[in-house]
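K.L.:
What follows is upload19.txt, made up of compact mmCIF, C-alpha atoms:
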# COMPACT_ATOMS: atom_id res chain seq x y z
CA MET A 1 -15.07 -63.47 23.49
CA GLU A 2 -17.99 -64.86 21.56
CA GLY A 3 -17.13 -65.55 17.94
CA GLY A 4 -13.86 -63.65 18.10
CA ASN A 5 -10.22 -64.17 18.69
CA ILE A 6 -8.42 -63.16 21.83
CA ILE A 7 -5.10 -61.48 21.14
CA MET A 8 -2.67 -61.49 24.02
CA VAL A 9 -0.40 -58.46 24.14
CA SER A 10 2.58 -58.46 26.46
CA TYR A 11 3.41 -54.95 27.49
CA PRO A 12 7.01 -54.32 28.58
CA ASP A 13 7.57 -53.64 32.25
CA LEU A 14 10.60 -53.14 34.48
CA SER A 15 11.57 -56.79 34.13
CA SER A 16 12.20 -56.26 30.41
CA LEU A 17 15.00 -53.80 31.14
CA ASN A 18 18.62 -54.83 31.10
CA ASN A 19 21.97 -53.15 31.54
CA ALA A 20 22.01 -51.94 27.95
CA SER A 21 18.59 -50.25 28.22
CA GLY A 22 19.82 -47.27 30.20
CA ILE A 23 17.73 -44.27 31.16
CA ALA A 24 16.24 -44.08 27.65
CA GLY A 25 14.89 -47.62 27.99
CA LEU A 26 13.31 -46.78 31.34
CA MET A 27 11.74 -43.61 29.98
CA SER A 28 10.34 -45.30 26.88
CA ILE A 29 8.38 -47.93 28.85
CA PRO A 30 5.18 -45.79 29.11
CA ASN A 31 5.12 -45.34 25.32
CA ALA A 32 4.31 -49.04 24.88
CA SER A 33 0.95 -48.70 26.63
CA TYR A 34 0.14 -45.05 25.87
CA PRO A 35 1.96 -43.41 22.92
CA TYR A 36 1.08 -39.85 23.96
CA PHE A 37 2.53 -40.15 27.48
CA TRP A 38 5.50 -37.87 26.84
CA ALA A 39 3.37 -35.49 24.78
CA TRP A 40 1.22 -34.87 27.86
CA ILE A 41 4.31 -34.51 30.05
CA LEU A 42 5.76 -31.94 27.63
CA GLY A 43 2.39 -30.19 27.56
CA GLY A 44 2.43 -30.03 31.36
CA ILE A 45 5.95 -28.59 31.36
CA TRP A 46 4.80 -26.02 28.78
CA VAL A 47 1.92 -24.94 31.01
CA ILE A 48 4.26 -24.66 34.02
CA ILE A 49 6.75 -22.52 32.06
CA VAL A 50 3.97 -20.29 30.66
CA THR A 51 2.28 -19.66 34.01
CA THR A 52 5.61 -19.14 35.80
CA MET A 53 6.81 -16.58 33.26
CA TYR A 54 3.44 -14.87 33.11
CA PHE A 55 2.99 -14.44 36.86
CA VAL A 56 6.63 -13.45 37.45
CA ASP A 57 6.23 -10.83 34.73
CA LYS A 58 2.96 -9.68 36.26
CA ASP A 59 4.46 -9.40 39.74
CA LYS A 60 7.49 -7.46 38.52
CA THR A 61 5.90 -5.13 35.98
CA GLY A 62 2.23 -5.20 36.95
CA LYS A 63 1.27 -6.41 33.50
CA GLY A 64 1.88 -9.87 32.04
CA LYS A 65 2.00 -10.80 28.39
CA ILE A 66 0.53 -14.25 28.03
CA LEU A 67 1.28 -14.56 24.29
CA SER A 68 4.97 -13.78 24.79
CA SER A 69 5.16 -16.33 27.60
CA MET A 70 3.47 -18.95 25.42
CA ALA A 71 5.83 -18.31 22.49
CA VAL A 72 8.99 -18.37 24.58
CA ALA A 73 7.82 -21.56 26.32
CA CYS A 74 7.38 -23.12 22.86
CA PHE A 75 11.11 -22.71 22.21
CA ALA A 76 11.88 -24.56 25.44
CA ILE A 77 9.44 -27.36 24.58
CA LEU A 78 10.88 -27.65 21.07
CA LEU A 79 14.34 -28.09 22.57
CA LEU A 80 13.08 -30.71 25.04
CA SER A 81 11.22 -32.61 22.33
CA VAL A 82 14.35 -32.66 20.12
CA ILE A 83 16.25 -34.18 23.05
CA GLY A 84 13.34 -36.62 23.39
CA THR A 85 13.70 -37.74 19.78
CA VAL A 86 17.44 -38.27 20.31
CA LEU A 87 16.67 -40.45 23.35
CA GLY A 88 13.98 -42.27 21.38
CA ILE A 89 11.08 -41.42 23.68
CA VAL A 90 9.33 -38.87 21.44
CA SER A 91 8.02 -40.18 18.12
CA THR A 92 8.03 -38.33 14.79
CA GLU A 93 4.27 -37.84 14.96
CA ILE A 94 4.46 -36.05 18.31
CA MET A 95 7.49 -34.02 17.19
CA VAL A 96 5.65 -32.84 14.06
CA TYR A 97 2.60 -31.85 16.11
CA ILE A 98 4.79 -29.92 18.57
CA LEU A 99 6.65 -28.21 15.71
CA VAL A 100 3.47 -27.13 13.91
CA ILE A 101 1.64 -25.91 17.03
CA SER A 102 4.77 -24.06 18.22
CA ALA A 103 5.18 -22.43 14.80
CA ILE A 104 1.57 -21.22 14.91
CA ILE A 105 1.95 -19.73 18.40
CA ILE A 106 5.29 -18.09 17.51
CA ALA A 107 3.78 -16.67 14.30
CA ILE A 108 0.81 -15.20 16.18
CA TRP A 109 3.23 -13.69 18.72
CA ILE A 110 5.43 -12.12 16.02
CA PHE A 111 2.53 -10.74 13.97
CA SER A 112 0.65 -9.43 17.02
CA GLY A 113 3.58 -7.22 18.08
CA LYS A 114 3.24 -3.50 17.40
CA MET B 115 -2.38 1.89 9.54
CA THR B 116 -0.50 -1.35 9.36
CA ASP B 117 2.76 -0.81 7.58
CA LEU B 118 3.29 -3.08 4.58
CA LYS B 119 7.04 -2.94 5.11
CA SER B 120 6.75 -4.20 8.69
CA ILE B 121 4.50 -7.07 7.56
CA LEU B 122 7.06 -8.13 4.91
CA VAL B 123 9.91 -7.81 7.41
CA LYS B 124 7.97 -9.93 9.92
CA MET B 125 7.26 -12.54 7.23
CA VAL B 126 10.93 -12.76 6.29
CA PHE B 127 11.93 -12.92 9.96
CA LEU B 128 9.35 -15.62 10.63
CA GLY B 129 10.47 -17.62 7.59
CA VAL B 130 14.09 -17.48 8.71
CA LEU B 131 13.09 -18.38 12.28
CA ILE B 132 11.05 -21.43 11.25
CA PHE B 133 13.75 -22.49 8.81
CA SER B 134 16.36 -22.22 11.57
CA ILE B 135 14.19 -24.26 13.97
CA MET B 136 13.67 -26.99 11.35
CA SER B 137 17.36 -26.89 10.44
CA PHE B 138 18.32 -27.17 14.12
CA ILE B 139 16.09 -30.23 14.59
CA VAL B 140 17.38 -31.92 11.41
CA ILE B 141 21.04 -31.28 12.29
CA ILE B 142 20.65 -32.50 15.88
CA GLN B 143 18.87 -35.66 14.70
CA LEU B 144 21.46 -36.37 12.00
CA ASP B 145 24.44 -35.75 14.29
CA ASN B 146 23.06 -38.07 16.96
CA SER B 147 22.19 -40.87 14.53
CA VAL B 148 18.48 -40.91 15.29
CA ASN B 149 16.64 -43.75 13.55
CA GLN B 150 15.39 -42.94 10.06
CA ALA B 151 11.80 -43.58 11.17
CA ASP B 152 12.08 -41.08 14.02
CA ARG B 153 13.46 -38.17 11.99
CA ILE B 154 11.16 -35.28 11.12
CA THR B 155 12.34 -35.38 7.52
CA ASN B 156 10.62 -38.76 7.40
CA ASN B 157 7.38 -36.78 7.31
CA SER B 158 6.91 -35.75 3.68
CA LEU B 159 5.08 -32.52 4.54
CA ILE B 160 7.85 -31.32 6.83
CA ALA B 161 10.49 -32.32 4.29
CA ASP B 162 8.68 -30.44 1.51
CA SER B 163 8.19 -27.35 3.69
CA PHE B 164 11.85 -27.42 4.70
CA LYS B 165 12.95 -27.60 1.07
CA ASP B 166 10.46 -24.90 0.14
CA LEU B 167 11.76 -22.52 2.80
CA GLU B 168 15.34 -23.36 1.90
CA GLY B 169 14.62 -22.52 -1.74
CA ASN B 170 12.91 -19.26 -0.82
CA ILE B 171 15.72 -18.10 1.41
CA SER B 172 18.38 -19.03 -1.13
CA GLN B 173 16.73 -16.63 -3.59
CA GLN B 174 18.35 -13.82 -1.62
CA LYS B 175 21.45 -14.27 -3.79
CA GLU B 176 19.35 -13.87 -6.93
CA ALA B 177 17.74 -10.71 -5.58
CA GLN B 178 21.14 -9.30 -4.63
CA SER B 179 22.57 -9.96 -8.11
CA ALA B 180 19.48 -8.32 -9.62
CA LEU B 181 20.01 -5.27 -7.42
CA ASP B 182 23.69 -5.16 -8.42
CA ASN B 183 22.72 -5.28 -12.11
CA LEU B 184 20.24 -2.46 -11.58
CA GLU B 185 22.86 -0.35 -9.87
CA LYS B 186 25.37 -0.97 -12.66
CA VAL B 187 23.14 0.63 -15.29
CA PRO B 188 24.65 4.05 -15.94
CA PRO B 189 21.87 6.62 -16.31
CA THR B 190 23.97 8.90 -18.49
CA THR B 191 24.93 6.39 -21.17
CA PRO B 192 23.19 7.24 -24.43
CA GLU B 193 22.31 3.57 -25.12
CA THR B 194 20.29 3.27 -21.93
CA ILE B 195 18.36 6.50 -22.22
CA GLY B 196 14.73 5.66 -22.79
CA ASP B 197 15.18 2.01 -21.77
CA LEU B 198 13.23 0.61 -18.89
CA SER B 199 15.04 -2.11 -16.96
CA VAL B 200 12.28 -4.32 -15.62
CA ALA B 201 14.27 -7.52 -15.07
CA SER B 202 15.58 -6.44 -11.69
CA THR B 203 12.19 -5.29 -10.48
CA VAL B 204 10.54 -8.50 -11.64
CA SER B 205 13.17 -10.60 -9.87
CA THR B 206 12.78 -8.69 -6.61
CA THR B 207 9.01 -8.93 -6.80
CA ARG B 208 9.26 -12.66 -7.47
CA THR B 209 11.48 -13.05 -4.40
CA ALA B 210 9.06 -11.11 -2.19
CA THR B 211 6.16 -13.20 -3.54
CA SER B 212 7.94 -16.49 -2.97
CA ILE B 213 8.81 -15.49 0.59
CA SER B 214 5.15 -14.76 1.29
CA ILE B 215 4.04 -18.01 -0.38
CA GLY B 216 6.67 -20.01 1.51
CA VAL B 217 5.56 -18.64 4.86
CA TRP B 218 1.93 -19.15 3.83
CA ASN B 219 2.64 -22.80 2.99
CA VAL B 220 4.37 -23.42 6.30
CA LEU B 221 1.93 -21.55 8.52
CA ILE B 222 -1.41 -22.21 6.82
CA LYS B 223 -1.18 -25.27 4.57
CA LEU B 224 1.06 -27.40 6.81
CA PRO B 225 -1.14 -27.04 9.93
CA GLN B 226 -4.25 -27.66 7.83
CA VAL B 227 -2.96 -31.04 6.71
CA ILE B 228 -1.30 -32.09 9.97
CA LEU B 229 -4.13 -30.96 12.24
CA GLY B 230 -6.68 -32.58 9.92
CA VAL B 231 -8.72 -29.57 8.85
CA SER B 232 -11.21 -30.44 6.12
CA PRO B 233 -10.24 -29.11 2.65
CA ILE B 234 -13.69 -27.52 2.30
CA VAL B 235 -13.30 -25.60 5.56
CA SER B 236 -9.76 -24.53 4.71
CA SER B 237 -10.82 -23.42 1.20
CA ALA B 238 -13.68 -21.39 2.66
CA ILE B 239 -11.39 -19.71 5.22
CA THR B 240 -8.76 -19.02 2.54
CA SER B 241 -11.41 -17.48 0.28
CA ILE B 242 -12.68 -15.26 3.09
CA LEU B 243 -9.11 -14.19 3.92
CA LEU B 244 -8.36 -13.35 0.28
CA LEU B 245 -11.61 -11.39 -0.03
CA ILE B 246 -10.81 -9.42 3.15
CA ILE B 247 -7.31 -8.69 1.81
CA ALA B 248 -8.76 -7.52 -1.53
CA ILE B 249 -11.34 -5.32 0.20
CA GLY B 250 -8.65 -3.98 2.53
CA ILE B 251 -6.37 -3.05 -0.38
CA TRP B 252 -9.31 -1.36 -2.11
CA ALA B 253 -10.19 0.54 1.08
CA ILE B 254 -6.59 1.72 1.50
CA TRP B 255 -6.44 2.68 -2.17
CA LYS B 256 -9.64 4.72 -1.88
CA GLY B 257 -8.51 6.32 1.37
CA ALA B 258 -11.29 4.83 3.48
CA ILE B 259 -8.66 3.54 5.90
CA SER B 260 -5.91 5.91 6.86
I'd like the structure from this file rewritten - as C-alpha cells, please.

P.N.:
Amino acid sequence: MEGGNIIMVSYPDLSSLNNASGIAGLMSIPNASYPYFWAWILGGIWVIIVTTMYFVDKDKTGKGKILSSMAVACFAILLLSVIGTVLGIVSTEIMVYILVISAIIIAIWIFSGK
Amino acid sequence: MTDLKSILVKMVFLGVLIFSIMSFIVIIQLDNSVNQADRITNNSLIADSFKDLEGNISQQKEAQSALDNLEKVPPTTPETIGDLSVASTVSTTRTATSISIGVWNVLIKLPQVILGVSPIVSSAITSILLLIIAIGIWAIWKGAIS
C-alpha cells in the first residue's frame, strides 16, 4: 500500500483446533471472519420453520396464519440462540437483536388477535 | 369496539411473557457459567428493561394489599360514613399505569435504541401515536365510535 501500513491478520482455521476445542471450537471458527455467520444461519432456520408451519397449516385447514407461524418460530429461535450463547458461538449483540426483534413480532401477534 | 379490558390483559400477559423470556435467558446463562461479556445483562438497556419489568410485576403484591385494605373498610361503621377511600384506587391505577409504561419501554423504547432509530423520528411517531390515542378517546367519549 502506498503511504500506509499493511496489517497482517491471521484468521483461525481447522489447524488451530485441538482436543480441548470440541464442537464449540469448530462451530465458532466462522465467527472470526464473519461475526454474523450464525445470525444468518438462525435467520435461515427461522424462515424454514415459518414456511413449514404456514404451509402445513394451510394444507390442513385451508387457511394459514403467517403471523402466528412467525411468532411461534421466534420462540424456537430464541431457544436456539440461548444454546448458542452457552456454546459461545452467538455473541451478546446478536442475542440482543434476536430478543428485541422476537419481542416485537410476538407483541404484534398478541395484539393482533381478536 | 376494542375492549379496554382486553388491551390491559394483553399488556399484562405480554409483560409477563417478555419478563419470563428474559428471565429464562439470564438463568440459563448464569447456570452454565457463560462469560460475563457474553451475557445479555451485560447490555445496559436489557438489564434496565429487565429490572423495570421485574419492578412492575412485583407491584402486584402492593395492588393486592391495597385491594385487601379496601375490602376491610366496613361500610356500616359510623366513622367511615362519608369518607372516600382513594388510597386503594390510586395504588391500583398506579400499578396499571406502570404496567403500561413498562411494556411501552420494552416494546417501543428498547427497539428504538437497539435498532438505531433516530430520536427525532421516534419522537415524531410517539407524538402521532399519542395524538391518535387522544382523538380516539375523545371519539369514544362523544360516541362517534361505537

K.L.:
Starting from chain A, keep only residues with some atom at most 6 Å from an atom of chain B, counting all atoms listed in the file, and report them as a PyMOL selection string.

P.N.:
chain A and resi 86+91-92

K.L.:
Residues proximal to (-6.5, -4.0, 0.4) were defined as those with any atom within 12 Å of that point in the file's coordinates, counting all atoms listed in the file. Which are they, as an NGL selection string?

P.N.:
:B and (115-116 or 118 or 243-260)

K.L.:
Restricting the calculation to only C-alpha atoms: of B:Ile242, B:Gln178, B:Val231, B:Ser134, which residue gets closest to Phe75 of chain A?

P.N.:
B:Ser134

K.L.:
Set the distance at 10 Å and use all atoms listed in the file: which residues neighbour Ser102 of chain A once local chain neighbours fewer than 3 positions away are removed? I'd like the list as a PyMOL selection string.

P.N.:
(chain A and resi 70-75+77-78+96-99+105-108) or (chain B and resi 132)

K.L.:
With C-alpha atoms kept, could you save the residues just selected as an mmCIF file, in the frame of the given file?

P.N.:
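In the end it all went to part33.cif:
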data_model
loop_
_atom_site.group_PDB
_atom_site.id
_atom_site.type_symbol
_atom_site.label_atom_id
_atom_site.label_comp_id
_atom_site.auth_asym_id
_atom_site.auth_seq_id
_atom_site.Cartn_x
_atom_site.Cartn_y
_atom_site.Cartn_z
ATOM 1 C CA MET A 70 3.470 -18.950 25.420
ATOM 2 C CA ALA A 71 5.830 -18.310 22.490
ATOM 3 C CA VAL A 72 8.990 -18.370 24.580
ATOM 4 C CA ALA A 73 7.820 -21.560 26.320
ATOM 5 C CA CYS A 74 7.380 -23.120 22.860
ATOM 6 C CA PHE A 75 11.110 -22.710 22.210
ATOM 7 C CA ILE A 77 9.440 -27.360 24.580
ATOM 8 C CA LEU A 78 10.880 -27.650 21.070
ATOM 9 C CA VAL A 96 5.650 -32.840 14.060
ATOM 10 C CA TYR A 97 2.600 -31.850 16.110
ATOM 11 C CA ILE A 98 4.790 -29.920 18.570
ATOM 12 C CA LEU A 99 6.650 -28.210 15.710
ATOM 13 C CA ILE A 105 1.950 -19.730 18.400
ATOM 14 C CA ILE A 106 5.290 -18.090 17.510
ATOM 15 C CA ALA A 107 3.780 -16.670 14.300
ATOM 16 C CA ILE A 108 0.810 -15.200 16.180
ATOM 17 C CA ILE B 132 11.050 -21.430 11.250
#

K.L.:
Let me make sure I understand: among B:Val227, B:Phe133, B:Ser232, B:Leu181, which one has the smallest atom-to-atom distance to Ser158 of chain B if we use only C-alpha atoms?

P.N.:
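Of B:Val227, B:Phe133, B:Ser232, B:Leu181, the one nearest Ser158 of chain B, counting only C-alpha atoms, is B:Val227.
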
K.L.:
Starting from the incomplete input, reconstruct N, CA and C atoms of segment 87-114 of chain A and report them as an mmCIF file, in the frame of the given file.

P.N.:
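And here's result_29.cif as it stands now:
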data_model
loop_
_atom_site.group_PDB
_atom_site.id
_atom_site.type_symbol
_atom_site.label_atom_id
_atom_site.label_comp_id
_atom_site.auth_asym_id
_atom_site.auth_seq_id
_atom_site.Cartn_x
_atom_site.Cartn_y
_atom_site.Cartn_z
ATOM 1 N N LEU A 87 16.728 -39.347 22.396
ATOM 2 C CA LEU A 87 16.670 -40.450 23.350
ATOM 3 C C LEU A 87 15.737 -41.570 22.888
ATOM 4 N N GLY A 88 14.895 -41.254 21.898
ATOM 5 C CA GLY A 88 13.980 -42.270 21.380
ATOM 6 C C GLY A 88 12.682 -42.384 22.151
ATOM 7 N N ILE A 89 12.329 -41.352 22.920
ATOM 8 C CA ILE A 89 11.080 -41.420 23.680
ATOM 9 C C ILE A 89 9.972 -40.559 23.059
ATOM 10 N N VAL A 90 10.328 -39.691 22.131
ATOM 11 C CA VAL A 90 9.330 -38.870 21.440
ATOM 12 C C VAL A 90 9.309 -39.306 19.971
ATOM 13 N N SER A 91 8.122 -39.683 19.492
ATOM 14 C CA SER A 91 8.020 -40.180 18.120
ATOM 15 C C SER A 91 7.942 -39.028 17.124
ATOM 16 N N THR A 92 8.093 -39.366 15.851
ATOM 17 C CA THR A 92 8.030 -38.330 14.790
ATOM 18 C C THR A 92 6.692 -37.628 14.790
ATOM 19 N N GLU A 93 5.624 -38.415 15.000
ATOM 20 C CA GLU A 93 4.270 -37.840 14.960
ATOM 21 C C GLU A 93 4.119 -36.747 16.011
ATOM 22 N N ILE A 94 4.568 -37.033 17.227
ATOM 23 C CA ILE A 94 4.460 -36.050 18.310
ATOM 24 C C ILE A 94 5.356 -34.849 18.017
ATOM 25 N N MET A 95 6.545 -35.103 17.504
ATOM 26 C CA MET A 95 7.490 -34.020 17.190
ATOM 27 C C MET A 95 6.900 -33.078 16.143
ATOM 28 N N VAL A 96 6.252 -33.660 15.122
ATOM 29 C CA VAL A 96 5.650 -32.840 14.060
ATOM 30 C C VAL A 96 4.508 -31.994 14.627
ATOM 31 N N TYR A 97 3.689 -32.601 15.470
ATOM 32 C CA TYR A 97 2.600 -31.850 16.110
ATOM 33 C C TYR A 97 3.161 -30.689 16.932
ATOM 34 N N ILE A 98 4.184 -30.965 17.721
ATOM 35 C CA ILE A 98 4.790 -29.920 18.570
ATOM 36 C C ILE A 98 5.366 -28.811 17.694
ATOM 37 N N LEU A 99 6.031 -29.202 16.607
ATOM 38 C CA LEU A 99 6.650 -28.210 15.710
ATOM 39 C C LEU A 99 5.592 -27.307 15.076
ATOM 40 N N VAL A 100 4.520 -27.918 14.594
ATOM 41 C CA VAL A 100 3.470 -27.130 13.910
ATOM 42 C C VAL A 100 2.758 -26.206 14.899
ATOM 43 N N ILE A 101 2.369 -26.738 16.049
ATOM 44 C CA ILE A 101 1.640 -25.910 17.030
ATOM 45 C C ILE A 101 2.552 -24.786 17.544
ATOM 46 N N SER A 102 3.821 -25.097 17.773
ATOM 47 C CA SER A 102 4.770 -24.060 18.220
ATOM 48 C C SER A 102 4.931 -22.987 17.157
ATOM 49 N N ALA A 103 5.025 -23.406 15.891
ATOM 50 C CA ALA A 103 5.180 -22.430 14.800
ATOM 51 C C ALA A 103 3.977 -21.504 14.733
ATOM 52 N N ILE A 104 2.791 -22.059 14.947
ATOM 53 C CA ILE A 104 1.570 -21.220 14.910
ATOM 54 C C ILE A 104 1.603 -20.197 16.039
ATOM 55 N N ILE A 105 1.932 -20.647 17.248
ATOM 56 C CA ILE A 105 1.950 -19.730 18.400
ATOM 57 C C ILE A 105 3.024 -18.652 18.212
ATOM 58 N N ILE A 106 4.203 -19.068 17.730
ATOM 59 C CA ILE A 106 5.290 -18.090 17.510
ATOM 60 C C ILE A 106 4.885 -17.095 16.425
ATOM 61 N N ALA A 107 4.219 -17.581 15.376
ATOM 62 C CA ALA A 107 3.780 -16.670 14.300
ATOM 63 C C ALA A 107 2.763 -15.663 14.819
ATOM 64 N N ILE A 108 1.806 -16.123 15.616
ATOM 65 C CA ILE A 108 0.810 -15.200 16.180
ATOM 66 C C ILE A 108 1.502 -14.158 17.061
ATOM 67 N N TRP A 109 2.488 -14.623 17.826
ATOM 68 C CA TRP A 109 3.230 -13.690 18.720
ATOM 69 C C TRP A 109 3.970 -12.626 17.903
ATOM 70 N N ILE A 110 4.646 -13.072 16.831
ATOM 71 C CA ILE A 110 5.430 -12.120 16.020
ATOM 72 C C ILE A 110 4.507 -11.127 15.311
ATOM 73 N N PHE A 111 3.407 -11.633 14.740
ATOM 74 C CA PHE A 111 2.530 -10.740 13.970
ATOM 75 C C PHE A 111 1.651 -9.866 14.867
ATOM 76 N N SER A 112 1.499 -10.254 16.130
ATOM 77 C CA SER A 112 0.650 -9.430 17.020
ATOM 78 C C SER A 112 1.441 -8.269 17.627
ATOM 79 N N GLY A 113 2.765 -8.299 17.518
ATOM 80 C CA GLY A 113 3.580 -7.220 18.080
ATOM 81 C C GLY A 113 3.398 -5.920 17.310
ATOM 82 N N LYS A 114 3.423 -4.810 18.059
ATOM 83 C CA LYS A 114 3.240 -3.500 17.400
ATOM 84 C C LYS A 114 4.587 -2.899 17.028
#
